[in-house]
>>> print(open('data_14.cif').read())   # mmCIF, C-alpha atoms and all ligand atoms
data_structure
loop_
_atom_site.label_atom_id
_atom_site.label_comp_id
_atom_site.auth_asym_id
_atom_site.auth_seq_id
_atom_site.Cartn_x
_atom_site.Cartn_y
_atom_site.Cartn_z
CA MET A 25 -13.90 -76.51 -29.95
CA LYS A 26 -15.53 -73.46 -28.41
CA LYS A 27 -16.03 -73.30 -24.61
CA ILE A 28 -19.34 -73.09 -22.80
CA ALA A 29 -19.99 -70.49 -20.12
CA ILE A 30 -22.06 -71.46 -17.12
CA ILE A 31 -23.15 -68.29 -15.35
CA MET A 32 -25.23 -68.37 -12.18
CA GLY A 33 -26.83 -65.53 -10.24
CA SER A 34 -25.61 -66.78 -6.87
CA ASP A 35 -23.45 -69.53 -5.42
CA SER A 36 -26.69 -70.80 -3.86
CA ASP A 37 -27.66 -71.94 -7.39
CA TRP A 38 -24.67 -74.30 -7.64
CA PRO A 39 -26.31 -77.44 -6.16
CA VAL A 40 -28.71 -77.39 -9.13
CA VAL A 41 -26.24 -76.07 -11.71
CA GLN A 42 -23.63 -78.69 -10.83
CA SER A 43 -25.32 -81.31 -13.01
CA ALA A 44 -24.78 -79.07 -16.06
CA ALA A 45 -21.06 -79.03 -15.28
CA GLU A 46 -21.04 -82.81 -14.78
CA THR A 47 -22.80 -83.38 -18.11
CA LEU A 48 -20.28 -81.18 -19.94
CA GLN A 49 -17.42 -83.03 -18.25
CA LYS A 50 -18.88 -86.38 -19.38
CA LEU A 51 -18.91 -85.05 -22.95
CA GLU A 52 -15.37 -83.66 -22.57
CA ILE A 53 -16.47 -80.10 -23.35
CA SER A 54 -14.45 -77.23 -21.87
CA PHE A 55 -16.43 -74.82 -19.75
CA GLU A 56 -16.00 -72.00 -17.29
CA ALA A 57 -18.44 -71.51 -14.44
CA ARG A 58 -18.84 -68.31 -12.45
CA VAL A 59 -21.23 -66.24 -10.36
CA LEU A 60 -22.46 -63.03 -11.99
CA SER A 61 -25.68 -61.30 -11.11
CA ALA A 62 -27.97 -59.20 -13.30
CA HIS A 63 -28.91 -57.23 -10.19
CA ARG A 64 -25.92 -57.35 -7.86
CA THR A 65 -23.14 -57.06 -10.48
CA PRO A 66 -24.96 -55.72 -13.55
CA LEU A 67 -21.98 -54.08 -15.22
CA ALA A 68 -19.79 -57.18 -14.86
CA ALA A 69 -22.58 -59.35 -16.32
CA ILE A 70 -22.91 -57.05 -19.34
CA GLU A 71 -19.15 -56.92 -19.84
CA PHE A 72 -18.93 -60.71 -19.70
CA ALA A 73 -21.61 -61.10 -22.36
CA ARG A 74 -20.11 -58.44 -24.63
CA ASN A 75 -16.68 -60.14 -24.60
CA ALA A 76 -17.86 -63.77 -24.54
CA ARG A 77 -17.50 -64.51 -28.26
CA GLU A 78 -14.06 -62.92 -28.40
CA ASN A 79 -13.10 -64.94 -25.31
CA GLY A 80 -13.76 -68.25 -27.06
CA PHE A 81 -17.25 -69.09 -25.82
CA GLY A 82 -19.82 -70.66 -28.17
CA VAL A 83 -22.86 -70.88 -25.90
CA ILE A 84 -23.83 -69.26 -22.60
CA ILE A 85 -25.87 -71.12 -19.98
CA ALA A 86 -27.42 -68.76 -17.44
CA ALA A 87 -29.05 -69.99 -14.23
CA ALA A 88 -30.96 -67.74 -11.86
CA GLY A 89 -33.81 -67.88 -9.40
CA ARG A 90 -36.60 -65.53 -8.29
CA ALA A 91 -36.79 -62.39 -10.51
CA ALA A 92 -34.42 -64.11 -12.91
CA HIS A 93 -33.20 -61.49 -15.36
CA LEU A 94 -29.71 -62.91 -15.80
CA ALA A 95 -30.26 -64.91 -19.01
CA GLY A 96 -32.14 -62.01 -20.60
CA VAL A 97 -29.50 -59.44 -19.71
CA LEU A 98 -26.72 -61.66 -21.08
CA ALA A 99 -28.74 -62.37 -24.24
CA GLY A 100 -29.29 -58.66 -24.74
CA ASN A 101 -25.53 -58.15 -24.84
CA THR A 102 -24.40 -60.94 -27.18
CA THR A 103 -25.61 -62.81 -30.25
CA LEU A 104 -24.22 -66.08 -28.89
CA PRO A 105 -27.01 -68.55 -28.06
CA VAL A 106 -28.13 -68.18 -24.42
CA ILE A 107 -29.82 -71.03 -22.57
CA GLY A 108 -31.69 -70.10 -19.40
CA ILE A 109 -32.15 -72.36 -16.38
CA PRO A 110 -34.90 -71.11 -14.06
CA ILE A 111 -33.92 -72.09 -10.54
CA GLY A 112 -36.61 -73.36 -8.19
CA SER A 113 -36.78 -71.58 -4.85
CA VAL A 114 -38.96 -71.45 -1.77
CA GLY A 115 -41.96 -69.20 -2.13
CA LEU A 116 -43.09 -69.49 -5.73
CA GLY A 117 -41.28 -72.76 -6.43
CA GLY A 118 -39.49 -71.53 -9.54
CA MET A 119 -42.53 -70.26 -11.46
CA ASP A 120 -41.19 -66.75 -10.83
CA ALA A 121 -37.83 -67.62 -12.41
CA LEU A 122 -39.43 -69.62 -15.22
CA LEU A 123 -41.62 -66.74 -16.36
CA SER A 124 -38.85 -64.16 -15.91
CA THR A 125 -36.53 -66.26 -18.06
CA VAL A 126 -38.85 -67.54 -20.76
CA GLN A 127 -40.98 -64.48 -21.54
CA MET A 128 -38.41 -62.60 -23.59
CA PRO A 129 -39.41 -59.81 -25.96
CA SER A 130 -39.09 -60.41 -29.72
CA GLY A 131 -35.57 -59.98 -30.99
CA ILE A 132 -33.70 -61.28 -27.94
CA PRO A 133 -34.18 -65.07 -27.60
CA VAL A 134 -33.41 -67.15 -24.53
CA ALA A 135 -33.80 -70.93 -24.95
CA THR A 136 -35.36 -71.81 -21.60
CA VAL A 137 -35.23 -75.31 -20.12
CA ALA A 138 -37.40 -76.69 -17.31
CA ILE A 139 -37.19 -75.39 -13.75
CA ASP A 140 -33.88 -76.80 -12.42
CA GLY A 141 -33.27 -78.43 -15.83
CA ALA A 142 -29.50 -77.99 -15.64
CA SER A 143 -28.54 -81.25 -17.32
CA ASN A 144 -30.77 -80.53 -20.31
CA ALA A 145 -29.25 -77.05 -20.60
CA ALA A 146 -25.83 -78.67 -20.93
CA LEU A 147 -27.10 -81.19 -23.49
CA LEU A 148 -28.73 -78.45 -25.56
CA ALA A 149 -25.51 -76.44 -25.49
CA ALA A 150 -23.60 -79.57 -26.55
CA GLU A 151 -26.02 -80.13 -29.43
CA MET A 152 -25.34 -76.58 -30.62
CA LEU A 153 -21.58 -77.13 -30.60
CA ALA A 154 -22.05 -80.53 -32.26
CA LEU A 155 -23.39 -78.79 -35.37
CA SER A 156 -19.75 -78.24 -36.30
CA ASP A 157 -18.03 -81.00 -34.31
CA LYS A 158 -18.20 -84.64 -35.43
CA ARG A 159 -16.63 -86.07 -32.24
CA LEU A 160 -19.28 -84.40 -30.15
CA GLU A 161 -22.08 -85.52 -32.48
CA THR A 162 -20.89 -89.12 -32.06
CA ALA A 163 -20.64 -88.73 -28.27
CA LEU A 164 -24.22 -87.41 -28.11
CA ASP A 165 -25.46 -90.30 -30.27
CA GLN A 166 -23.71 -92.74 -27.92
CA MET A 167 -25.30 -91.08 -24.89
CA ARG A 168 -28.76 -91.52 -26.44
CA ALA A 169 -28.01 -95.17 -27.26
CA ASP A 170 -26.85 -95.80 -23.65
CA MET A 171 -30.03 -94.16 -22.38
CA ALA A 172 -32.20 -96.42 -24.57
CA THR A 173 -30.31 -99.51 -23.31
CA ALA A 174 -30.85 -98.40 -19.70
CA VAL A 175 -34.59 -97.99 -20.33
CA GLU A 176 -34.78 -101.47 -21.92
CA LYS A 177 -33.07 -102.95 -18.84
CA LYS A 178 -35.51 -101.16 -16.53
CA ASN A 179 -38.39 -102.55 -18.54
CA GLU A 180 -36.98 -106.09 -18.33
CA LYS A 181 -36.70 -105.75 -14.52
CA LEU A 182 -40.28 -104.48 -14.35
CA GLN A 183 -41.51 -107.45 -16.39
CA GLU A 184 -39.70 -109.82 -13.99
CA LYS A 185 -41.42 -108.17 -11.01
CA ILE A 186 -44.81 -108.42 -12.70
CA GLN A 187 -44.26 -112.11 -13.46
CA LYS A 188 -43.43 -112.77 -9.80
CA ILE A 189 -46.72 -111.13 -8.72
CA SER A 190 -48.76 -113.26 -11.13
CA LEU A 191 -47.09 -116.54 -10.07
C1 LIG A 201 -31.02 -65.00 -7.76
O1 LIG A 201 -31.51 -64.91 -6.47
C2 LIG A 201 -29.98 -66.08 -7.69
O2 LIG A 201 -29.82 -66.66 -8.96
C3 LIG A 201 -30.54 -67.04 -6.69
O3 LIG A 201 -31.29 -68.08 -7.31
C4 LIG A 201 -31.49 -66.17 -5.87
C5 LIG A 201 -31.10 -66.06 -4.41
O4 LIG A 201 -29.76 -65.64 -4.32
P1 LIG A 201 -29.04 -65.64 -2.88
O5 LIG A 201 -29.80 -64.69 -2.02
O6 LIG A 201 -29.07 -67.06 -2.37
O7 LIG A 201 -27.62 -65.19 -3.14
O8 LIG A 201 -30.48 -63.81 -8.20
#
>>> encode(input="data_14.cif", output="structure tokens")
Amino acid sequence: MKKIAIIMGSDSDWPVVQSAAETLQKLEISFEARVLSAHRTPLAAIEFARNARENGFGVIIAAAGRAAHLAGVLAGNTTLPVIGIPIGSVGLGGMDALLSTVQMPSGIPVATVAIDGASNAALLAAEMLALSDKRLETALDQMRADMATAVEKKNEKLQEKIQKISL
């Protein structure tokens, strides 16, 4: 199976990005995570994107905050799917990163998840790889089934609480 790249603009993004790594680990998907910046290390970011397919990656997840050009710069240098995670930060609360990541010009797509939506970025990347991987498709189906069971249990607990109030 192809690997997933998790690229972040700064190590300060890791507390949010960590849940993407955890989700990929749960699904037993190989990944590499590293810091690369569209502004502070632009040439290294471009080189990474240009070689990513040849280096065995299938999807790139790119997380950045503030003037978040990382996902767009990577997407402009590869035809692998790029998923952007806008990181929330003090000041504009992540709206800056959201707009910088999502408003791509025609021809260079970035699939943008919610502000700090790291876990969904990992799930979307997994769904892309699952197009050609039956084991992963089954694992994703199981994850959805577990989620539905958890919601049913929460609802049962809520009903018990409501019954106690009305007694
Ligand atoms: C962005 O600037 C990074 O992705 C990070 O979210 C933000 C702040 O970076 P640091 O100053 O914490 O390194 O490029």
>>> residues_near_ligand(input="data_14.cif", ligand="ligand LIG 201 (chain A)", cutoff="7 Å", atoms="all atoms listed in the file", output="number ranges by chain")
A: 32-37, 61, 87-92, 111, 113
>>> atom_distance(input="data_14.cif", atom1="CA of Leu123 (chain A)", atom2="CA of Leu94 (chain A)")
12.5 Å
>>> closest_residue(input="data_14.cif", among="A:Gly100, A:Gly141, A:Pro129, A:Gly117", to="Val40 (chain A)", atoms="all atoms listed in the file")
A:Gly141
>>> residues_around(input="data_14.cif", residues="Ile28 (chain A)", least_positions_apart="3", cutoff="10 Å", atoms="all atoms listed in the file", output="number ranges by chain")
A: 25, 31, 45, 48, 53-57, 76, 80-85, 146, 149-150, 153
>>> atom_distance(input="data_14.cif", atom1="CA of Leu155 (chain A)", atom2="CA of Asp140 (chain A)")
25.3 Å
>>> atom_distance(input="data_14.cif", atom1="CA of Thr102 (chain A)", atom2="CA of Ile70 (chain A)")
8.9 Å
>>> closest_residue(input="data_14.cif", among="A:Thr136, A:Thr47, A:Asn79, A:Thr65", to="Gly96 (chain A)", atoms="all atoms listed in the file")
A:Thr136
>>> axis_aligned_box(input="data_14.cif", around="region 171-185 of chain A", padding_each_side="6 Å", output="lines of an AutoDock Vina configuration file")
center_x = -35.8
center_y = -102.0
center_z = -17.8
size_x = 23.5
size_y = 27.7
size_z = 25.6
>>> residues_around(input="data_14.cif", residues="Ser124 (chain A)", least_positions_apart="3", cutoff="8 Å", atoms="only C-alpha atoms", output="list in words")
Ala91, Ala92, His93, Asp120, Ala121, Gln127 and Met128 of chain A
>>> closest_residue(input="data_14.cif", among="A:Ile30, A:Ala62, A:Leu147, A:Leu182", to="Arg168 (chain A)", atoms="only C-alpha atoms")
A:Leu147
>>> decode(input="data_14.cif", residues="region 167-181 of chain A", atoms="all heavy atoms", output="mmCIF file, in the first residue's frame")
data_model
loop_
_atom_site.group_PDB
_atom_site.id
_atom_site.type_symbol
_atom_site.label_atom_id
_atom_site.label_comp_id
_atom_site.auth_asym_id
_atom_site.auth_seq_id
_atom_site.Cartn_x
_atom_site.Cartn_y
_atom_site.Cartn_z
ATOM 1 N N MET A 167 -14.911 0.864 11.193
ATOM 2 C CA MET A 167 -14.819 2.091 11.996
ATOM 3 C C MET A 167 -16.165 2.829 12.027
ATOM 4 O O MET A 167 -16.618 3.309 13.054
ATOM 5 C CB MET A 167 -13.738 2.987 11.376
ATOM 6 C CG MET A 167 -13.112 3.955 12.331
ATOM 7 S SD MET A 167 -11.783 4.848 11.497
ATOM 8 C CE MET A 167 -10.407 4.343 12.472
ATOM 9 N N ARG A 168 -16.826 2.866 10.861
ATOM 10 C CA ARG A 168 -18.151 3.507 10.798
ATOM 11 C C ARG A 168 -19.169 2.742 11.650
ATOM 12 O O ARG A 168 -19.992 3.341 12.338
ATOM 13 C CB ARG A 168 -18.658 3.541 9.348
ATOM 14 C CG ARG A 168 -17.946 4.528 8.451
ATOM 15 C CD ARG A 168 -18.423 5.941 8.724
ATOM 16 N NE ARG A 168 -17.649 6.875 7.925
ATOM 17 C CZ ARG A 168 -18.074 7.430 6.795
ATOM 18 N NH1 ARG A 168 -19.275 7.174 6.331
ATOM 19 N NH2 ARG A 168 -17.307 8.265 6.138
ATOM 20 N N ALA A 169 -19.101 1.398 11.572
ATOM 21 C CA ALA A 169 -20.045 0.579 12.346
ATOM 22 C C ALA A 169 -19.824 0.794 13.845
ATOM 23 O O ALA A 169 -20.783 0.943 14.621
ATOM 24 C CB ALA A 169 -19.873 -0.893 11.981
ATOM 25 N N ASP A 170 -18.545 0.858 14.263
ATOM 26 C CA ASP A 170 -18.227 1.101 15.685
ATOM 27 C C ASP A 170 -18.750 2.463 16.128
ATOM 28 O O ASP A 170 -19.254 2.638 17.239
ATOM 29 C CB ASP A 170 -16.708 1.045 15.905
ATOM 30 C CG ASP A 170 -16.160 -0.361 15.698
ATOM 31 O OD1 ASP A 170 -16.964 -1.318 15.654
ATOM 32 O OD2 ASP A 170 -14.934 -0.495 15.564
ATOM 33 N N MET A 171 -18.623 3.436 15.223
ATOM 34 C CA MET A 171 -19.092 4.792 15.542
ATOM 35 C C MET A 171 -20.613 4.795 15.752
ATOM 36 O O MET A 171 -21.124 5.405 16.693
ATOM 37 C CB MET A 171 -18.730 5.709 14.366
ATOM 38 C CG MET A 171 -18.724 7.173 14.686
ATOM 39 S SD MET A 171 -18.395 8.139 13.191
ATOM 40 C CE MET A 171 -16.753 7.623 12.793
ATOM 41 N N ALA A 172 -21.322 4.077 14.876
ATOM 42 C CA ALA A 172 -22.783 4.018 14.989
ATOM 43 C C ALA A 172 -23.184 3.340 16.305
ATOM 44 O O ALA A 172 -24.103 3.799 16.995
ATOM 45 C CB ALA A 172 -23.361 3.260 13.797
ATOM 46 N N THR A 173 -22.461 2.273 16.681
ATOM 47 C CA THR A 173 -22.755 1.581 17.948
ATOM 48 C C THR A 173 -22.529 2.532 19.120
ATOM 49 O O THR A 173 -23.336 2.573 20.064
ATOM 50 C CB THR A 173 -21.841 0.336 18.096
ATOM 51 O OG1 THR A 173 -21.997 -0.459 16.932
ATOM 52 C CG2 THR A 173 -22.170 -0.465 19.323
ATOM 53 N N ALA A 174 -21.448 3.303 19.060
ATOM 54 C CA ALA A 174 -21.148 4.242 20.151
ATOM 55 C C ALA A 174 -22.256 5.292 20.280
ATOM 56 O O ALA A 174 -22.656 5.662 21.392
ATOM 57 C CB ALA A 174 -19.798 4.913 19.898
ATOM 58 N N VAL A 175 -22.768 5.754 19.144
ATOM 59 C CA VAL A 175 -23.849 6.755 19.180
ATOM 60 C C VAL A 175 -25.116 6.138 19.781
ATOM 61 O O VAL A 175 -25.798 6.766 20.614
ATOM 62 C CB VAL A 175 -24.133 7.321 17.760
ATOM 63 C CG1 VAL A 175 -25.399 8.173 17.755
ATOM 64 C CG2 VAL A 175 -22.949 8.126 17.267
ATOM 65 N N GLU A 176 -25.414 4.889 19.399
ATOM 66 C CA GLU A 176 -26.600 4.212 19.953
ATOM 67 C C GLU A 176 -26.488 4.105 21.474
ATOM 68 O O GLU A 176 -27.449 4.348 22.201
ATOM 69 C CB GLU A 176 -26.741 2.805 19.351
ATOM 70 C CG GLU A 176 -27.386 2.808 17.969
ATOM 71 C CD GLU A 176 -27.158 1.509 17.217
ATOM 72 O OE1 GLU A 176 -26.908 0.472 17.861
ATOM 73 O OE2 GLU A 176 -27.195 1.547 15.971
ATOM 74 N N LYS A 177 -25.285 3.753 21.953
ATOM 75 C CA LYS A 177 -25.076 3.629 23.407
ATOM 76 C C LYS A 177 -25.279 4.976 24.093
ATOM 77 O O LYS A 177 -25.875 5.065 25.167
ATOM 78 C CB LYS A 177 -23.683 3.093 23.706
ATOM 79 C CG LYS A 177 -23.603 1.602 23.506
ATOM 80 C CD LYS A 177 -22.317 1.023 24.062
ATOM 81 C CE LYS A 177 -22.268 -0.462 23.750
ATOM 82 N NZ LYS A 177 -20.926 -0.939 23.445
ATOM 83 N N LYS A 178 -24.762 6.039 23.472
ATOM 84 C CA LYS A 178 -24.932 7.384 24.050
ATOM 85 C C LYS A 178 -26.409 7.733 24.127
ATOM 86 O O LYS A 178 -26.881 8.319 25.104
ATOM 87 C CB LYS A 178 -24.202 8.424 23.192
ATOM 88 C CG LYS A 178 -22.717 8.437 23.412
ATOM 89 C CD LYS A 178 -22.055 9.463 22.529
ATOM 90 C CE LYS A 178 -20.543 9.313 22.625
ATOM 91 N NZ LYS A 178 -19.828 10.186 21.706
ATOM 92 N N ASN A 179 -27.141 7.367 23.088
ATOM 93 C CA ASN A 179 -28.576 7.660 23.080
ATOM 94 C C ASN A 179 -29.292 6.892 24.182
ATOM 95 O O ASN A 179 -30.146 7.448 24.885
ATOM 96 C CB ASN A 179 -29.181 7.323 21.717
ATOM 97 C CG ASN A 179 -30.648 7.670 21.670
ATOM 98 O OD1 ASN A 179 -31.032 8.791 22.008
ATOM 99 N ND2 ASN A 179 -31.479 6.712 21.309
ATOM 100 N N GLU A 180 -28.915 5.607 24.370
ATOM 101 C CA GLU A 180 -29.536 4.809 25.432
ATOM 102 C C GLU A 180 -29.289 5.455 26.796
ATOM 103 O O GLU A 180 -30.197 5.582 27.616
ATOM 104 C CB GLU A 180 -28.959 3.387 25.435
ATOM 105 C CG GLU A 180 -29.588 2.493 24.379
ATOM 106 C CD GLU A 180 -28.765 1.236 24.126
ATOM 107 O OE1 GLU A 180 -27.968 0.852 25.004
ATOM 108 O OE2 GLU A 180 -28.918 0.655 23.028
ATOM 109 N N LYS A 181 -28.048 5.923 27.027
ATOM 110 C CA LYS A 181 -27.718 6.576 28.309
ATOM 111 C C LYS A 181 -28.538 7.842 28.491
ATOM 112 O O LYS A 181 -29.024 8.158 29.586
ATOM 113 C CB LYS A 181 -26.234 6.912 28.362
ATOM 114 C CG LYS A 181 -25.388 5.747 28.787
ATOM 115 C CD LYS A 181 -23.968 6.176 29.070
ATOM 116 C CE LYS A 181 -23.123 4.952 29.375
ATOM 117 N NZ LYS A 181 -21.710 5.195 29.200
#
